[in-house]
$ cat my_file.txt   # compact mmCIF, C-alpha atoms
# COMPACT_ATOMS: atom_id res chain seq x y z
CA MET H 654 7.53 57.73 5.59
CA TYR H 655 10.46 55.84 7.06
CA ALA H 656 13.92 57.36 7.33
CA ASP H 657 15.43 55.07 4.70
CA GLU H 658 12.71 55.74 2.10
CA PRO H 659 13.30 58.32 -0.64
CA PRO H 660 11.24 61.54 -0.46
CA ILE H 661 7.99 61.42 -2.43
CA GLY H 662 8.53 62.54 -6.04
CA PHE H 663 12.21 61.56 -6.16
CA ASP H 664 13.66 58.58 -7.98
CA VAL H 665 16.34 56.37 -6.52
CA LEU H 666 19.55 56.53 -8.53
CA GLU H 667 22.11 53.79 -8.71
CA VAL H 668 25.70 54.97 -8.72
CA GLU H 669 28.51 52.97 -10.28
CA ASP H 670 32.21 53.57 -9.96
CA VAL H 671 33.81 54.92 -13.13
CA PRO H 672 36.98 53.07 -14.14
CA GLY H 673 40.22 55.03 -13.97
CA GLY H 674 41.50 56.66 -17.15
CA TRP H 675 38.03 57.39 -18.57
CA GLU H 676 39.03 60.94 -19.50
CA ASP H 677 41.62 59.65 -21.99
CA ALA H 678 39.80 56.53 -23.21
CA TRP H 679 38.64 58.33 -26.39
CA ARG H 680 42.25 58.29 -27.60
CA GLU H 681 41.91 54.58 -28.35
CA PHE H 682 39.47 55.48 -31.14
CA HIS H 683 41.37 58.47 -32.56
CA HIS H 684 43.86 57.30 -35.20
CA GLY H 685 45.70 58.99 -38.05
CA VAL H 686 44.33 58.95 -41.60
CA ARG H 687 46.08 59.37 -44.94
CA ILE H 688 44.44 61.88 -47.30
CA GLY H 689 46.40 62.35 -50.50
CA ARG H 690 49.76 63.93 -49.64
CA LEU H 691 48.64 64.57 -46.07
CA TRP H 692 48.53 62.45 -42.94
CA VAL H 693 46.20 63.82 -40.24
CA GLY H 694 46.53 62.28 -36.82
CA PRO H 695 47.06 62.69 -33.09
CA PRO H 696 50.36 63.53 -31.38
CA TRP H 697 50.62 60.01 -29.92
CA GLU H 698 50.94 58.46 -33.41
CA ARG H 699 53.72 58.81 -35.99
CA ALA H 700 53.08 59.90 -39.57
CA PRO H 701 54.39 57.84 -42.50
CA ALA H 702 57.76 59.15 -43.64
CA GLU H 703 56.53 60.10 -47.12
CA ALA H 704 53.43 62.02 -45.94
CA THR H 705 53.06 65.66 -44.89
CA PRO H 706 51.99 65.42 -41.24
CA VAL H 707 49.13 67.47 -39.80
CA VAL H 708 49.23 66.69 -36.08
CA ILE H 709 45.93 67.48 -34.35
CA ASP H 710 44.98 67.15 -30.71
CA PRO H 711 41.33 68.25 -30.79
CA GLY H 712 41.04 68.74 -27.05
CA ARG H 713 37.54 70.13 -26.53
CA ALA H 714 37.22 71.49 -30.09
CA PHE H 715 35.61 69.78 -33.07
CA GLY H 716 37.78 68.23 -35.76
CA THR H 717 40.15 65.26 -35.83
CA GLY H 718 40.40 64.78 -39.59
CA ALA H 719 38.61 61.43 -39.57
CA HIS H 720 35.11 62.62 -40.46
CA PRO H 721 34.21 62.28 -44.16
CA THR H 722 33.46 66.01 -44.51
CA THR H 723 36.91 66.95 -43.23
CA ARG H 724 38.57 64.42 -45.52
CA LEU H 725 36.63 65.73 -48.51
CA CYS H 726 37.67 69.31 -47.76
CA LEU H 727 41.30 68.19 -47.50
CA GLU H 728 41.04 66.38 -50.84
CA LEU H 729 39.74 69.53 -52.54
CA LEU H 730 42.38 71.72 -50.86
CA GLN H 731 45.04 69.62 -52.55
CA GLU H 732 43.45 70.21 -55.96
CA VAL H 733 43.52 74.03 -55.97
CA GLU H 734 46.36 76.52 -56.32
CA PRO H 735 47.57 77.80 -52.92
CA THR H 736 46.32 81.33 -52.23
CA SER H 737 45.21 83.36 -49.25
CA LEU H 738 42.71 81.35 -47.20
CA LEU H 739 40.01 81.97 -44.62
CA ASP H 740 38.84 79.04 -42.45
CA MET H 741 35.32 79.77 -41.21
CA GLY H 742 34.39 77.73 -38.13
CA CYS H 743 37.96 76.51 -37.65
CA GLY H 744 37.30 74.08 -34.77
CA SER H 745 40.57 72.31 -33.96
CA GLY H 746 42.33 74.10 -36.84
CA VAL H 747 42.81 70.98 -38.96
CA LEU H 748 41.85 72.68 -42.25
CA SER H 749 43.84 75.85 -41.52
CA ILE H 750 46.95 73.91 -40.58
CA ALA H 751 46.70 71.57 -43.56
CA ALA H 752 46.30 74.61 -45.83
CA ALA H 753 49.42 76.22 -44.36
CA LYS H 754 51.35 72.98 -44.86
CA LEU H 755 50.17 72.91 -48.48
CA GLY H 756 51.53 76.42 -49.11
CA PHE H 757 48.44 78.61 -48.62
CA SER H 758 49.31 82.04 -47.20
CA PRO H 759 48.22 84.02 -45.34
CA VAL H 760 45.86 81.69 -43.50
CA GLY H 761 43.22 83.13 -41.21
CA ALA H 762 41.04 81.08 -38.85
CA PHE H 763 37.74 82.33 -37.46
CA ASP H 764 35.37 80.74 -34.94
CA LEU H 765 32.76 82.05 -32.52
CA ASP H 766 34.01 79.59 -29.88
CA ASP H 767 37.05 80.73 -27.89
CA VAL H 768 37.87 77.08 -27.11
CA ALA H 769 38.19 76.43 -30.85
CA LEU H 770 40.51 79.40 -31.32
CA GLU H 771 42.67 78.20 -28.41
CA ALA H 772 42.83 74.70 -29.94
CA THR H 773 43.75 76.14 -33.34
CA ARG H 774 46.57 78.22 -31.84
CA ALA H 775 47.91 75.24 -29.89
CA ASN H 776 47.76 72.91 -32.90
CA ALA H 777 49.35 75.52 -35.18
CA ALA H 778 52.26 75.82 -32.74
CA ARG H 779 52.52 72.02 -32.56
CA ASN H 780 52.83 71.93 -36.37
CA GLY H 781 55.17 74.89 -36.65
CA VAL H 782 52.88 76.91 -38.95
CA LEU H 783 51.61 80.48 -38.77
CA ILE H 784 47.83 80.79 -38.48
CA ASP H 785 46.13 84.09 -37.71
CA THR H 786 43.22 83.46 -35.34
CA LEU H 787 40.80 86.24 -36.19
CA ALA H 788 38.46 88.34 -34.10
CA GLU H 789 36.70 89.43 -37.30
CA VAL H 790 36.40 88.05 -40.82
CA ARG H 791 38.78 89.37 -43.48
CA PRO H 792 38.94 89.04 -47.29
CA ALA H 793 40.76 86.11 -48.91
CA ALA H 794 40.95 84.40 -52.28
CA LEU H 795 39.53 81.13 -50.88
CA ALA H 796 37.29 80.29 -47.94
CA VAL H 797 36.88 76.83 -46.47
CA MET H 798 33.77 76.00 -44.40
CA ASN H 799 33.01 72.61 -42.88
CA ILE H 800 29.81 73.66 -41.12
CA ALA H 801 26.03 73.24 -41.40
CA LEU H 802 24.46 73.92 -44.80
CA ASP H 803 22.22 76.76 -43.61
CA VAL H 804 25.28 78.50 -42.16
CA VAL H 805 27.18 78.02 -45.45
CA ASP H 806 24.28 79.55 -47.40
CA GLY H 807 24.09 82.43 -44.95
CA LEU H 808 27.82 83.17 -45.00
CA LEU H 809 28.61 82.88 -48.72
CA PRO H 810 26.94 86.19 -49.69
CA LYS H 811 28.71 88.01 -46.85
CA LEU H 812 32.30 86.84 -47.44
CA ARG H 813 34.73 88.74 -49.65
CA VAL H 814 36.20 85.68 -51.34
CA GLU H 815 36.39 84.44 -54.94
CA ARG H 816 36.11 80.71 -54.27
CA ALA H 817 34.97 78.47 -51.43
CA ILE H 818 35.35 74.86 -50.37
CA THR H 819 32.24 73.93 -48.44
CA SER H 820 31.11 70.81 -46.58
CA GLY H 821 29.26 69.67 -43.49
CA TYR H 822 26.19 68.44 -45.34
CA LEU H 823 24.84 65.28 -46.92
CA ALA H 824 25.34 64.30 -50.56
CA ARG H 825 21.66 64.96 -51.28
CA ASP H 826 22.17 68.63 -50.34
CA ALA H 827 24.09 71.51 -51.92
CA PRO H 828 24.69 75.22 -51.25
CA GLN H 829 22.15 77.51 -52.93
CA ALA H 830 23.64 80.99 -52.43
CA ALA H 831 23.00 83.34 -55.37
CA GLY H 832 25.96 83.88 -57.68
CA TRP H 833 27.89 80.83 -56.47
CA HIS H 834 28.50 78.02 -58.95
CA ARG H 835 29.90 74.53 -58.42
CA VAL H 836 33.30 73.81 -59.97
CA ASP H 837 33.94 70.41 -58.38
CA ARG H 838 32.26 67.99 -55.96
CA ARG H 839 33.47 65.07 -53.88
CA GLU H 840 31.33 62.54 -52.00
CA ARG H 841 32.13 59.98 -49.31
CA ASP H 842 29.90 57.82 -47.08
CA GLY H 843 26.81 59.88 -47.90
CA TRP H 844 28.48 63.25 -47.26
CA ALA H 845 29.59 65.86 -49.81
CA ALA H 846 32.01 68.75 -50.29
CA ASP H 847 31.94 71.35 -53.06
CA LEU H 848 34.40 73.71 -54.66
CA LEU H 849 32.41 76.84 -55.50
CA GLU H 850 33.23 79.97 -57.49
CA PHE H 851 31.48 83.32 -57.41
CA ARG H 852 30.40 84.69 -60.78
CA SER H 853 28.59 88.02 -60.70
$ encode --input "my_file.txt" --output "structure tokens"
Amino acid sequence: MYADEPPIGFDVLEVEDVPGGWEDAWREFHHGVRIGRLWVGPPWERAPAEATPVVIDPGRAFGTGAHPTTRLCLELLQEVEPTSLLDMGCGSGVLSIAAAKLGFSPVGAFDLDDVALEATRANAARNGVLIDTLAEVRPAALAVMNIALDVVDGLLPKLRVERAITSGYLARDAPQAAGWHRVDRRERDGWAADLLEFRS
């Protein structure tokens, strides 16, 4: 084997220079969206004067407000009476913060990911709202969950809540937890969100 040949069993990789500013390039694709009375968008854009702004910088956490499941949850939040609220799997805090802006109180946010809780705290401060980031789940009148369907089905029987707004699944799917009944449903782009009520 010659000195300039790669060792046997190793592939030769080609390396290309990465253009400057790559770490912020995603911002070009992250724009504000209007959802009913709310405008959800990044801090580098300005909300319409007549909308209630929910300013979200997702950082490394999930949730910008643009995904259909988030938009559907926000639509349903605007249709129910403000009560105490628990945000399960809070991500960037978009649902918690929107709820607080809509008059829900107290609002608690729970996530297994510390990065998500940090993002929720930072975004809550940016929006001037009080969100309790929780180390453990507490009772509330309403839960909101924009997470995988199997997680929704697993959590519903364990939560001490009367109603739940759930999403994170396709329109062909629906929660199947015993005792929970659908009150309302919204669909967008093949995704769905449900307003559920527990009836023993």
$ residues_around --input "my_file.txt" --residues "Leu770 of chain H" --least-positions-apart "5" --cutoff "12 Å" --atoms "all atoms listed in the file" --output "list in words"
Pro711, Gly712, Arg713, Ala714, Phe715, Asp740, Met741, Gly742, Cys743, Gly744, Ser745, Gly746, Val747, Ser749, Gly761, Ala762, Phe763, Asp764, Leu765, Ala775, Asn776, Ala777, Ile784, Asp785, Thr786, Leu787 and Ala788 of chain H
$ closest_residue --input "my_file.txt" --among "H:Asp766, H:Ala830, H:Leu812, H:Asn780" --to "Ala753 of chain H" --atoms "only C-alpha atoms"
H:Asn780
$ residues_around --input "my_file.txt" --residues "Ser820 of chain H" --least-positions-apart "4" --cutoff "8 Å" --atoms "only C-alpha atoms" --output "ChimeraX atom specification"
/H:722-723,725-726,798-802,845-847
$ residues_around --input "my_file.txt" --residues "Val760 of chain H" --least-positions-apart "2" --cutoff "6 Å" --atoms "only C-alpha atoms" --output "CSV table (one decimal) with C-alpha atoms, in the frame of the given file"
chain,number,residue,atom,x,y,z
H,738,LEU,CA,42.7,81.4,-47.2
H,739,LEU,CA,40.0,82.0,-44.6
H,758,SER,CA,49.3,82.0,-47.2
H,784,ILE,CA,47.8,80.8,-38.5
$ residues_around --input "my_file.txt" --residues "segment 835-841 of chain H" --least-positions-apart "6" --cutoff "12 Å" --atoms "only C-alpha atoms" --output "PyMOL selection string"
chain H and resi 719-730+732-733+816-829+847-852
$ write_last_selection --input "my_file.txt" --atoms "C-alpha atoms" --output "PDB file, keeping the file's coordinate frame"
ATOM      1  CA  ALA H 719      38.610  61.430 -39.570  1.00  0.00           C
ATOM      2  CA  HIS H 720      35.110  62.620 -40.460  1.00  0.00           C
ATOM      3  CA  PRO H 721      34.210  62.280 -44.160  1.00  0.00           C
ATOM      4  CA  THR H 722      33.460  66.010 -44.510  1.00  0.00           C
ATOM      5  CA  THR H 723      36.910  66.950 -43.230  1.00  0.00           C
ATOM      6  CA  ARG H 724      38.570  64.420 -45.520  1.00  0.00           C
ATOM      7  CA  LEU H 725      36.630  65.730 -48.510  1.00  0.00           C
ATOM      8  CA  CYS H 726      37.670  69.310 -47.760  1.00  0.00           C
ATOM      9  CA  LEU H 727      41.300  68.190 -47.500  1.00  0.00           C
ATOM     10  CA  GLU H 728      41.040  66.380 -50.840  1.00  0.00           C
ATOM     11  CA  LEU H 729      39.740  69.530 -52.540  1.00  0.00           C
ATOM     12  CA  LEU H 730      42.380  71.720 -50.860  1.00  0.00           C
ATOM     13  CA  GLU H 732      43.450  70.210 -55.960  1.00  0.00           C
ATOM     14  CA  VAL H 733      43.520  74.030 -55.970  1.00  0.00           C
ATOM     15  CA  ARG H 816      36.110  80.710 -54.270  1.00  0.00           C
ATOM     16  CA  ALA H 817      34.970  78.470 -51.430  1.00  0.00           C
ATOM     17  CA  ILE H 818      35.350  74.860 -50.370  1.00  0.00           C
ATOM     18  CA  THR H 819      32.240  73.930 -48.440  1.00  0.00           C
ATOM     19  CA  SER H 820      31.110  70.810 -46.580  1.00  0.00           C
ATOM     20  CA  GLY H 821      29.260  69.670 -43.490  1.00  0.00           C
ATOM     21  CA  TYR H 822      26.190  68.440 -45.340  1.00  0.00           C
ATOM     22  CA  LEU H 823      24.840  65.280 -46.920  1.00  0.00           C
ATOM     23  CA  ALA H 824      25.340  64.300 -50.560  1.00  0.00           C
ATOM     24  CA  ARG H 825      21.660  64.960 -51.280  1.00  0.00           C
ATOM     25  CA  ASP H 826      22.170  68.630 -50.340  1.00  0.00           C
ATOM     26  CA  ALA H 827      24.090  71.510 -51.920  1.00  0.00           C
ATOM     27  CA  PRO H 828      24.690  75.220 -51.250  1.00  0.00           C
ATOM     28  CA  GLN H 829      22.150  77.510 -52.930  1.00  0.00           C
ATOM     29  CA  ASP H 847      31.940  71.350 -53.060  1.00  0.00           C
ATOM     30  CA  LEU H 848      34.400  73.710 -54.660  1.00  0.00           C
ATOM     31  CA  LEU H 849      32.410  76.840 -55.500  1.00  0.00           C
ATOM     32  CA  GLU H 850      33.230  79.970 -57.490  1.00  0.00           C
ATOM     33  CA  PHE H 851      31.480  83.320 -57.410  1.00  0.00           C
ATOM     34  CA  ARG H 852      30.400  84.690 -60.780  1.00  0.00           C
TER      35      ARG H 852
END
$ atom_distance --input "my_file.txt" --atom1 "atom CA of Ile750 of chain H" --atom2 "atom CA of Val782 of chain H"
6.8 Å
$ atom_distance --input "my_file.txt" --atom1 "atom CA of Ile709 of chain H" --atom2 "atom CA of Leu755 of chain H"
15.7 Å
$ atom_distance --input "my_file.txt" --atom1 "atom CA of Thr705 of chain H" --atom2 "atom CA of Trp844 of chain H"
24.8 Å
$ closest_residue --input "my_file.txt" --among "H:Pro759, H:Ala704, H:Glu771, H:Val686" --to "Arg791 of chain H" --atoms "only C-alpha atoms"
H:Pro759
$ axis_aligned_box --input "my_file.txt" --around "segment 736-748 of chain H" --padding-each-side "8 Å" --output "lines of an AutoDock Vina configuration file"
center_x = 40.4
center_y = 77.2
center_z = -43.1
size_x = 27.9
size_y = 28.4
size_z = 34.3
